[in-house]
Amino acid sequence: MPRIDQITLKQLRALQAVVEENTILAAAERLHLTGPAVHNQLKNLEDLIGSPLLVRSGSERNVPTAQGRALLRAAAEIETSLDRALRHIGALDQGLQGRVVLGVVSTGKYFAPRIVALLKREMPDVDVALRVGNREEIIEAMERGELDLCVMGRPPRTFLAEAVPLFDHPHIIIAGADHPLAADPIVPREALLRERFVMREAGSGTRILASRFLDEIGHDQEAGVTEMSSNETIKQAVIHGLGIAMISAHTVADELESGRLVRLRVQGLPIYRKWYLLPQPRDAKPAAVSAVEEWILTHAGLIEPKLDLS
């Protein structure tokens with residue numbers, strides 16, 4: 001039994017060329033070798049196999065034997081496998097294959113699946129894993145190197161230098177459809193201080209923004225606050241009359257369109273912030289990560305939720 005590691009691609013290609021060209025001389029010209037070199041490749045291959053690979057007499061000269069045909073089939077399979085591997089390597093080098101972990105703060109989960117869906121259409125062999133968490137969880141995951149990219153509204157200092165703005169992030173005040181202020185064409189800012197605000201947990205970007213806005217209009221007067229742990233519970237609380245809320249407009253587009261919630265028109269609102277894309281700082285960034293990062297940055301307008309806040 002011959003050792004597989006002694007068989008070379010040059011030997012197999014010499015066999016293929018002789019069979020296809022029918023003469024050693026023509027095969028040598030095709031392979032840019034001399035006739036003796038091709039003859040030696042064939043002889044070495046036959047010695048390794050221990051069987052004749054070509055018929056060398058009569059009208060069927062240089063036709064493969066049964067052993068030769070078996071080896072030619074194996075050679076074709078090897079060529080196909082190598083071609084597939086090289087194309088796969090090329091795709092990896094170009095960022096067209098691989099895995100990318102995209103982190104998104106919970107407020108961004110309303111548009112983040114669209115990013116993944118569009119990337120799947122544009123880069124079908126890139127696996128984009130979406131990880132959603134609150135701001136603290138996403139920052140900690142970035143610091144541990146668990147995320148390749150992340151989208152958030154207020155970059156931490158540690159990643160500020162890498163943050164790239166994507167598109168506007170408007171914040172509005174919402175109320176239930178039957179709230180007394182819902183019918184006012186313009187709501188006086190001072191009237192908000194008489195309302196109870198439903199807010200996210202301390203430390204969230206929306207909570208900080210709402211607190212600053214109320215401090216600006218209230219001075220020493222404080223509005224009542226009910227704390228909720230997610231945007232979904234805040235929306236349900238406002239729908240059921242537990243208070244009003246400052247919230248990302250991107251989280252309530254469906255409820256505003258259906259009329260379950262209304263936007264209160266208040267001077268100074270919406271407050272516009274930005275969504276940012278943060279890459280993981282690395283000396284050598286995987287090609288797939290670079291490709292996804294570039295795609296997101298160049299298609300921000302396609303990703304941005306469409307809202308009418310006029």
# chains A, B, ... in the order shown; residues from 1 in each chain; ligands from 1
>>> residues_around(residues="region 131-133 of chain A", least_positions_apart="5", cutoff="8 Å", atoms="only C-alpha atoms", output="JSON, numbers by chain")
{"A": [101, 102, 103, 104, 105, 106, 109, 138]}
>>> write_last_selection(atoms="C-alpha atoms", output="PDB file, in the first residue's frame")
ATOM      1  CA  VAL A 101     -20.891  39.769  17.498  1.00  0.00           C
ATOM      2  CA  LEU A 102     -22.895  43.004  17.468  1.00  0.00           C
ATOM      3  CA  GLY A 103     -23.935  44.442  20.815  1.00  0.00           C
ATOM      4  CA  VAL A 104     -26.860  46.868  21.082  1.00  0.00           C
ATOM      5  CA  VAL A 105     -28.256  48.708  24.081  1.00  0.00           C
ATOM      6  CA  SER A 106     -31.864  47.774  24.771  1.00  0.00           C
ATOM      7  CA  LYS A 109     -33.362  46.631  19.786  1.00  0.00           C
ATOM      8  CA  ILE A 138     -23.036  46.259  26.921  1.00  0.00           C
TER       9      ILE A 138
END
>>> residues_around(residues="Leu242 (chain A)", least_positions_apart="6", cutoff="10 Å", atoms="only C-alpha atoms", output="PDB file with C-alpha atoms, in the first residue's frame")
ATOM      1  CA  ALA A 175     -48.613  60.198  27.293  1.00  0.00           C
ATOM      2  CA  GLY A 176     -51.607  57.900  27.093  1.00  0.00           C
ATOM      3  CA  GLU A 195     -47.085  64.997  36.327  1.00  0.00           C
ATOM      4  CA  ARG A 196     -45.589  61.720  37.466  1.00  0.00           C
ATOM      5  CA  PHE A 197     -42.750  60.546  35.218  1.00  0.00           C
ATOM      6  CA  VAL A 198     -42.157  56.892  34.464  1.00  0.00           C
ATOM      7  CA  THR A 226     -41.877  55.867  39.095  1.00  0.00           C
ATOM      8  CA  ILE A 234     -42.590  52.109  30.556  1.00  0.00           C
ATOM      9  CA  LYS A 235     -44.786  52.096  27.445  1.00  0.00           C
ATOM     10  CA  GLN A 236     -47.375  49.869  29.096  1.00  0.00           C
TER      11      GLN A 236
END
>>> closest_residue(among="A:Leu193, A:Leu42, A:Cys150, A:Leu256", to="Val164 (chain A)", atoms="only C-alpha atoms")
A:Cys150
>>> select_by_dssp(residues="region 113-297 of chain A", states="helix (DSSP H, G or I)", output="count of residues only")
78
>>> closest_residue(among="A:Pro165, A:Pro180, A:Pro170, A:Gly243", to="Ala300 (chain A)", atoms="only C-alpha atoms")
A:Pro165
>>> decode(residues="region 15-94 of chain A", atoms="C-alpha atoms", output="tab-separated table (two decimals), in the first residue's frame")
chain	number	residue	atom	x	y	z
A	15	LEU	CA	-1.06	12.01	-15.41
A	16	GLN	CA	-4.05	14.26	-16.18
A	17	ALA	CA	-2.15	16.15	-18.88
A	18	VAL	CA	-0.88	13.02	-20.66
A	19	VAL	CA	-4.37	11.49	-20.72
A	20	GLU	CA	-5.97	14.70	-21.99
A	21	GLU	CA	-3.24	15.62	-24.51
A	22	ASN	CA	-2.57	11.99	-25.54
A	23	THR	CA	1.23	12.44	-25.80
A	24	ILE	CA	3.98	13.18	-23.33
A	25	LEU	CA	5.34	15.95	-25.57
A	26	ALA	CA	1.99	17.79	-25.71
A	27	ALA	CA	1.53	17.31	-21.97
A	28	ALA	CA	5.02	18.73	-21.36
A	29	GLU	CA	4.21	21.85	-23.41
A	30	ARG	CA	0.98	22.35	-21.45
A	31	LEU	CA	2.76	22.00	-18.13
A	32	HIS	CA	5.79	24.06	-19.23
A	33	LEU	CA	8.08	21.11	-18.53
A	34	THR	CA	10.40	18.93	-20.57
A	35	GLY	CA	9.31	15.55	-21.89
A	36	PRO	CA	11.72	13.64	-19.61
A	37	ALA	CA	10.41	15.56	-16.60
A	38	VAL	CA	6.82	14.51	-17.34
A	39	HIS	CA	7.99	10.93	-17.99
A	40	ASN	CA	9.76	10.86	-14.60
A	41	GLN	CA	6.64	12.19	-12.81
A	42	LEU	CA	4.57	9.38	-14.32
A	43	LYS	CA	7.19	6.71	-13.55
A	44	ASN	CA	7.50	7.84	-9.94
A	45	LEU	CA	3.71	7.83	-9.55
A	46	GLU	CA	3.40	4.32	-11.01
A	47	ASP	CA	6.20	3.10	-8.73
A	48	LEU	CA	4.33	4.51	-5.72
A	49	ILE	CA	0.99	3.01	-6.77
A	50	GLY	CA	2.56	-0.27	-7.81
A	51	SER	CA	0.38	-0.56	-10.92
A	52	PRO	CA	0.50	0.69	-14.51
A	53	LEU	CA	-1.62	3.83	-14.92
A	54	LEU	CA	-1.55	4.12	-18.74
A	55	VAL	CA	-1.81	1.70	-21.65
A	56	ARG	CA	1.49	2.06	-23.50
A	57	SER	CA	0.99	-0.04	-26.62
A	58	GLY	CA	-1.51	-0.54	-29.41
A	59	SER	CA	-4.20	1.83	-30.63
A	60	GLU	CA	-5.26	2.65	-27.04
A	61	ARG	CA	-1.86	4.14	-26.17
A	62	ASN	CA	-1.92	6.63	-23.18
A	63	VAL	CA	-5.48	5.65	-22.27
A	64	PRO	CA	-5.78	5.27	-18.47
A	65	THR	CA	-5.99	1.82	-16.96
A	66	ALA	CA	-8.61	1.06	-14.29
A	67	GLN	CA	-6.04	2.09	-11.68
A	68	GLY	CA	-5.29	5.25	-13.65
A	69	ARG	CA	-8.99	6.14	-13.86
A	70	ALA	CA	-9.34	5.70	-10.08
A	71	LEU	CA	-6.40	8.02	-9.53
A	72	LEU	CA	-7.76	10.59	-12.02
A	73	ARG	CA	-11.08	10.69	-10.17
A	74	ALA	CA	-9.21	11.28	-6.91
A	75	ALA	CA	-7.12	14.01	-8.58
A	76	ALA	CA	-10.28	15.77	-9.79
A	77	GLU	CA	-11.74	15.63	-6.29
A	78	ILE	CA	-8.53	17.06	-4.85
A	79	GLU	CA	-8.57	19.92	-7.38
A	80	THR	CA	-12.20	20.67	-6.52
A	81	SER	CA	-11.50	20.64	-2.78
A	82	LEU	CA	-8.47	22.90	-3.17
A	83	ASP	CA	-10.44	25.31	-5.34
A	84	ARG	CA	-13.23	25.41	-2.74
A	85	ALA	CA	-10.70	26.00	0.04
A	86	LEU	CA	-9.00	28.83	-1.84
A	87	ARG	CA	-12.32	30.52	-2.55
A	88	HIS	CA	-13.22	30.16	1.13
A	89	ILE	CA	-9.87	31.68	2.16
A	90	GLY	CA	-10.39	34.53	-0.30
A	91	ALA	CA	-13.84	35.18	1.15
A	92	LEU	CA	-12.41	35.20	4.67
A	93	ASP	CA	-9.68	37.63	3.63
A	94	GLN	CA	-12.28	39.93	2.06
